[in-house]
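Structure data follow from target_35.pdb (PDB, C-alpha atoms):
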ATOM      1  CA  GLN A 725      15.027  10.309   7.855
ATOM      2  CA  VAL A 726      11.997   9.004   5.994
ATOM      3  CA  GLN A 727       8.799   8.115   7.844
ATOM      4  CA  LEU A 728       5.624   6.500   6.539
ATOM      5  CA  VAL A 729       2.312   6.819   8.367
ATOM      6  CA  GLU A 730      -0.621   4.681   7.274
ATOM      7  CA  SER A 731      -4.293   5.129   8.045
ATOM      8  CA  GLY A 732      -7.685   3.842   6.949
ATOM      9  CA  GLY A 733      -7.746   0.203   8.020
ATOM     10  CA  GLY A 734     -10.615  -1.390   9.873
ATOM     11  CA  LEU A 735     -13.405  -3.959   9.834
ATOM     12  CA  VAL A 736     -15.652  -4.214   6.798
ATOM     13  CA  GLN A 737     -18.224  -6.708   5.555
ATOM     14  CA  PRO A 738     -17.605  -8.786   2.416
ATOM     15  CA  GLY A 739     -18.398  -6.719  -0.653
ATOM     16  CA  GLY A 740     -17.596  -3.499   1.158
ATOM     17  CA  SER A 741     -14.944  -0.860   0.533
ATOM     18  CA  LEU A 742     -12.068   0.755   2.375
ATOM     19  CA  ARG A 743      -9.533   3.403   1.461
ATOM     20  CA  LEU A 744      -6.008   3.280   2.835
ATOM     21  CA  SER A 745      -3.673   6.269   2.935
ATOM     22  CA  CYS A 746       0.066   6.493   3.512
ATOM     23  CA  ALA A 747       1.860   9.800   3.982
ATOM     24  CA  ALA A 748       5.632   9.924   3.585
ATOM     25  CA  SER A 749       7.775  12.604   5.175
ATOM     26  CA  GLY A 750      11.469  13.369   5.235
ATOM     27  CA  SER A 751      14.117  13.555   2.512
ATOM     28  CA  ILE A 752      12.246  12.389  -0.578
ATOM     29  CA  PHE A 753      13.700  13.471  -3.902
ATOM     30  CA  GLY A 754      13.569  12.290  -7.477
ATOM     31  CA  VAL A 755      12.047   9.178  -8.973
ATOM     32  CA  ASN A 756      10.509   6.836  -6.435
ATOM     33  CA  VAL A 757       8.042   3.998  -6.131
ATOM     34  CA  MET A 758       5.313   3.768  -3.500
ATOM     35  CA  GLY A 759       3.368   0.619  -2.895
ATOM     36  CA  TRP A 760       1.160  -1.510  -0.726
ATOM     37  CA  TYR A 761       1.999  -4.975   0.509
ATOM     38  CA  ARG A 762       0.077  -7.252   2.837
ATOM     39  CA  ARG A 763       0.655 -10.158   5.183
ATOM     40  CA  ALA A 764      -2.222 -12.479   5.946
ATOM     41  CA  PRO A 765      -2.129 -14.742   9.013
ATOM     42  CA  GLY A 766       0.256 -17.621   8.426
ATOM     43  CA  LYS A 767       1.401 -16.321   5.045
ATOM     44  CA  GLU A 768       4.340 -14.450   3.596
ATOM     45  CA  ARG A 769       4.117 -10.730   2.898
ATOM     46  CA  GLU A 770       3.012 -10.160  -0.711
ATOM     47  CA  LEU A 771       2.781  -7.307  -3.150
ATOM     48  CA  VAL A 772      -0.643  -5.720  -3.586
ATOM     49  CA  ALA A 773       0.071  -2.762  -5.863
ATOM     50  CA  THR A 774       2.784  -0.238  -6.684
ATOM     51  CA  ILE A 775       2.867   3.141  -8.390
ATOM     52  CA  THR A 776       5.856   5.111  -9.633
ATOM     53  CA  SER A 777       6.274   8.856  -9.264
ATOM     54  CA  GLY A 778       5.404   8.984 -12.979
ATOM     55  CA  GLY A 779       2.110   7.174 -12.417
ATOM     56  CA  SER A 780       2.859   3.687 -13.745
ATOM     57  CA  THR A 781       1.042   0.986 -11.780
ATOM     58  CA  VAL A 782       1.387  -2.719 -11.082
ATOM     59  CA  TYR A 783      -1.254  -4.893  -9.417
ATOM     60  CA  ALA A 784      -1.316  -8.397  -8.021
ATOM     61  CA  ASP A 785      -3.659 -10.641 -10.001
ATOM     62  CA  SER A 786      -5.724 -11.253  -6.884
ATOM     63  CA  VAL A 787      -6.707  -7.574  -6.561
ATOM     64  CA  SER A 788      -6.702  -6.411 -10.186
ATOM     65  CA  GLY A 789     -10.039  -4.858 -11.070
ATOM     66  CA  ARG A 790     -11.045  -4.411  -7.423
ATOM     67  CA  PHE A 791      -8.260  -2.245  -5.965
ATOM     68  CA  THR A 792      -6.955   1.055  -7.296
ATOM     69  CA  ILE A 793      -3.660   2.643  -6.273
ATOM     70  CA  SER A 794      -3.113   6.378  -6.706
ATOM     71  CA  ARG A 795      -0.831   9.076  -5.355
ATOM     72  CA  ASP A 796      -0.509  12.769  -4.682
ATOM     73  CA  ASN A 797       3.104  13.644  -5.483
ATOM     74  CA  ALA A 798       2.834  17.115  -3.977
ATOM     75  CA  LYS A 799       1.973  15.542  -0.610
ATOM     76  CA  ASN A 800       4.064  12.361  -0.983
ATOM     77  CA  THR A 801       0.939  10.379  -0.229
ATOM     78  CA  VAL A 802      -0.254   7.103  -1.724
ATOM     79  CA  PHE A 803      -3.784   5.731  -1.562
ATOM     80  CA  LEU A 804      -5.312   2.297  -1.998
ATOM     81  CA  GLN A 805      -9.008   2.195  -2.821
ATOM     82  CA  MET A 806     -10.262  -1.307  -2.074
ATOM     83  CA  ASN A 807     -13.654  -2.329  -3.436
ATOM     84  CA  SER A 808     -15.533  -5.634  -3.476
ATOM     85  CA  LEU A 809     -13.526  -6.805  -0.490
ATOM     86  CA  LYS A 810     -13.337 -10.520   0.233
ATOM     87  CA  PRO A 811     -12.510 -12.392   3.453
ATOM     88  CA  GLU A 812      -9.219 -13.442   1.843
ATOM     89  CA  ASP A 813      -8.204  -9.777   1.689
ATOM     90  CA  THR A 814      -7.903  -9.840   5.483
ATOM     91  CA  ALA A 815      -4.312  -8.925   6.341
ATOM     92  CA  VAL A 816      -2.019  -6.311   7.756
ATOM     93  CA  TYR A 817      -1.378  -3.827   4.952
ATOM     94  CA  TYR A 818       2.012  -2.143   4.765
ATOM     95  CA  CYS A 819       3.051   0.928   2.838
ATOM     96  CA  ARG A 820       6.490   0.908   1.232
ATOM     97  CA  LEU A 821       8.606   3.624  -0.363
ATOM     98  CA  ASP A 822      11.592   2.878  -2.607
ATOM     99  CA  LEU A 823      14.032   5.704  -3.253
ATOM    100  CA  PHE A 824      16.781   5.623  -5.850
ATOM    101  CA  ARG A 825      20.244   7.169  -6.203
ATOM    102  CA  PRO A 826      21.126   5.989  -3.675
ATOM    103  CA  TYR A 827      18.678   3.149  -3.195
ATOM    104  CA  SER A 828      16.786   2.826   0.091
ATOM    105  CA  MET A 829      13.604   1.065   1.145
ATOM    106  CA  HIS A 830      11.219   2.271   3.845
ATOM    107  CA  TRP A 831       8.199   0.603   5.457
ATOM    108  CA  GLY A 832       5.218   1.866   7.373
ATOM    109  CA  GLN A 833       4.038   0.304  10.607
ATOM    110  CA  GLY A 834       1.104  -1.506   9.013
ATOM    111  CA  THR A 835      -2.654  -1.183   9.293
ATOM    112  CA  GLN A 836      -5.083  -4.039   9.902
ATOM    113  CA  VAL A 837      -7.817  -4.754   7.371
ATOM    114  CA  THR A 838     -10.414  -7.334   8.389
ATOM    115  CA  VAL A 839     -13.143  -8.488   6.019
ATOM    116  CA  SER A 840     -15.798 -10.424   7.888
ATOM    117  CA  SER A 841     -19.534 -10.636   8.339
TER     118      SER A 841
END

Write out the structure in this file as structure tokens.
Amino acid sequence: QVQLVESGGGLVQPGGSLRLSCAASGSIFGVNVMGWYRRAPGKERELVATITSGGSTVYADSVSGRFTISRDNAKNTVFLQMNSLKPEDTAVYYCRLDLFRPYSMHWGQGTQVTVSS
């Protein structure tokens, strides 16, 4: 069974930074994709950034240039460095792991990020 545990959320002022971490445990083999998604109040959950086990990344336009996703494959951990935070970045951030062959999708419990003065 795969489990994802997120950490690093909190309250930060506009312009500040936060770093989120997500550690995956369980049966994780082969090519996979880890990513961060977020759900703001009253909105649908949206993609923030993803990274493959080979290091290829994808970013939402709204965070490109401000957020950086990275991973430690040896520890099955993904990070999200968030800089120049804006109030509109306020959301619950979820970690997701996609495994292949066979395909399965796994979510973390979410961590709150609040950007406010």

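For the residues A:Ile793, A:Leu728, A:Leu804, A:Val736, ranking by smallest atom-to-atom distance to Ser751 (chain A) using all atoms listed in the file places A:Leu728 first.
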
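Using all atoms listed in the file, the shortest contact distance between Arg795 (chain A) and any of A:Leu744, A:Ser841, A:Pro826, A:Gly750 is found at A:Leu744.
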
| request: For Ser731 (chain A), please output as a ChimeraX atom specification all residues within 9 Å (counting only C-alpha atoms; exclusion window: fewer than 3 positions along the same chain). | output: /A:743-747,834-835

| task | May I have the protein, DNA and RNA residues with any atom at most 9 Å from the point (14.4, 13.8, 0.3), counting all atoms listed in the file, written as a ChimeraX atom specification? | result | /A:725-726,749-754,823

Those same residues, written as a PDB file, in the coordinates of the input with C-alpha atoms?
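As written to disk, again-v9.pdb reads:
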ATOM      1  CA  GLN A 725      15.027  10.309   7.855  1.00  0.00           C
ATOM      2  CA  VAL A 726      11.997   9.004   5.994  1.00  0.00           C
ATOM      3  CA  SER A 749       7.775  12.604   5.175  1.00  0.00           C
ATOM      4  CA  GLY A 750      11.469  13.369   5.235  1.00  0.00           C
ATOM      5  CA  SER A 751      14.117  13.555   2.512  1.00  0.00           C
ATOM      6  CA  ILE A 752      12.246  12.389  -0.578  1.00  0.00           C
ATOM      7  CA  PHE A 753      13.700  13.471  -3.902  1.00  0.00           C
ATOM      8  CA  GLY A 754      13.569  12.290  -7.477  1.00  0.00           C
ATOM      9  CA  LEU A 823      14.032   5.704  -3.253  1.00  0.00           C
TER      10      LEU A 823
END

| Any chance you could work out the residue set of the PyMOL selection byres ((chain A and resi 811-818) around 6) here, as a ChimeraX atom specification? | /A:760-764,810,819,832,834-840

Given the selection you just returned, output its residues as a file containing C-alpha atoms, formatted as a PDB file, in the frame of the given file.
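Below is the file out-v8.pdb, written as the result:
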ATOM      1  CA  TRP A 760       1.160  -1.510  -0.726  1.00  0.00           C
ATOM      2  CA  TYR A 761       1.999  -4.975   0.509  1.00  0.00           C
ATOM      3  CA  ARG A 762       0.077  -7.252   2.837  1.00  0.00           C
ATOM      4  CA  ARG A 763       0.655 -10.158   5.183  1.00  0.00           C
ATOM      5  CA  ALA A 764      -2.222 -12.479   5.946  1.00  0.00           C
ATOM      6  CA  LYS A 810     -13.337 -10.520   0.233  1.00  0.00           C
ATOM      7  CA  CYS A 819       3.051   0.928   2.838  1.00  0.00           C
ATOM      8  CA  GLY A 832       5.218   1.866   7.373  1.00  0.00           C
ATOM      9  CA  GLY A 834       1.104  -1.506   9.013  1.00  0.00           C
ATOM     10  CA  THR A 835      -2.654  -1.183   9.293  1.00  0.00           C
ATOM     11  CA  GLN A 836      -5.083  -4.039   9.902  1.00  0.00           C
ATOM     12  CA  VAL A 837      -7.817  -4.754   7.371  1.00  0.00           C
ATOM     13  CA  THR A 838     -10.414  -7.334   8.389  1.00  0.00           C
ATOM     14  CA  VAL A 839     -13.143  -8.488   6.019  1.00  0.00           C
ATOM     15  CA  SER A 840     -15.798 -10.424   7.888  1.00  0.00           C
TER      16      SER A 840
END

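In this model, the gap between CA of Ala784 (chain A) and CA of Glu730 (chain A) comes to 20.1 Å.
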
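Taking CA of Gly740 (chain A) as the reference point, CA of Arg790 (chain A) is found at 10.8 Å.
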
| request: Could you jot down the CA of Asp822 (chain A) to CA of Gly759 (chain A) separation for me, Å, one decimal place? | output: 8.5 Å

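Proximity ranking of A:Gln833, A:Asn797, A:Gln727, A:Ser828 relative to Thr776 (chain A) places A:Asn797 first, based on all atoms listed in the file.
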
If I wrap all listed atoms of region 812-829 of chain A in a box with edges along x, y and z and add 3 Å on each side, what are its centre and edge lengths in Å to one decimal, as AutoDock Vina command-line options?
--center_x 6.0 --center_y -3.1 --center_z 0.8 --size_x 36.3 --size_y 26.6 --size_z 20.0

| query | Can you find the residues with an atom no farther than 8 Å from (4.6, 0.5, -7.4), counting all atoms listed in the file, and report them as a PyMOL selection string? | reply | chain A and resi 757-760+773-776+780-782
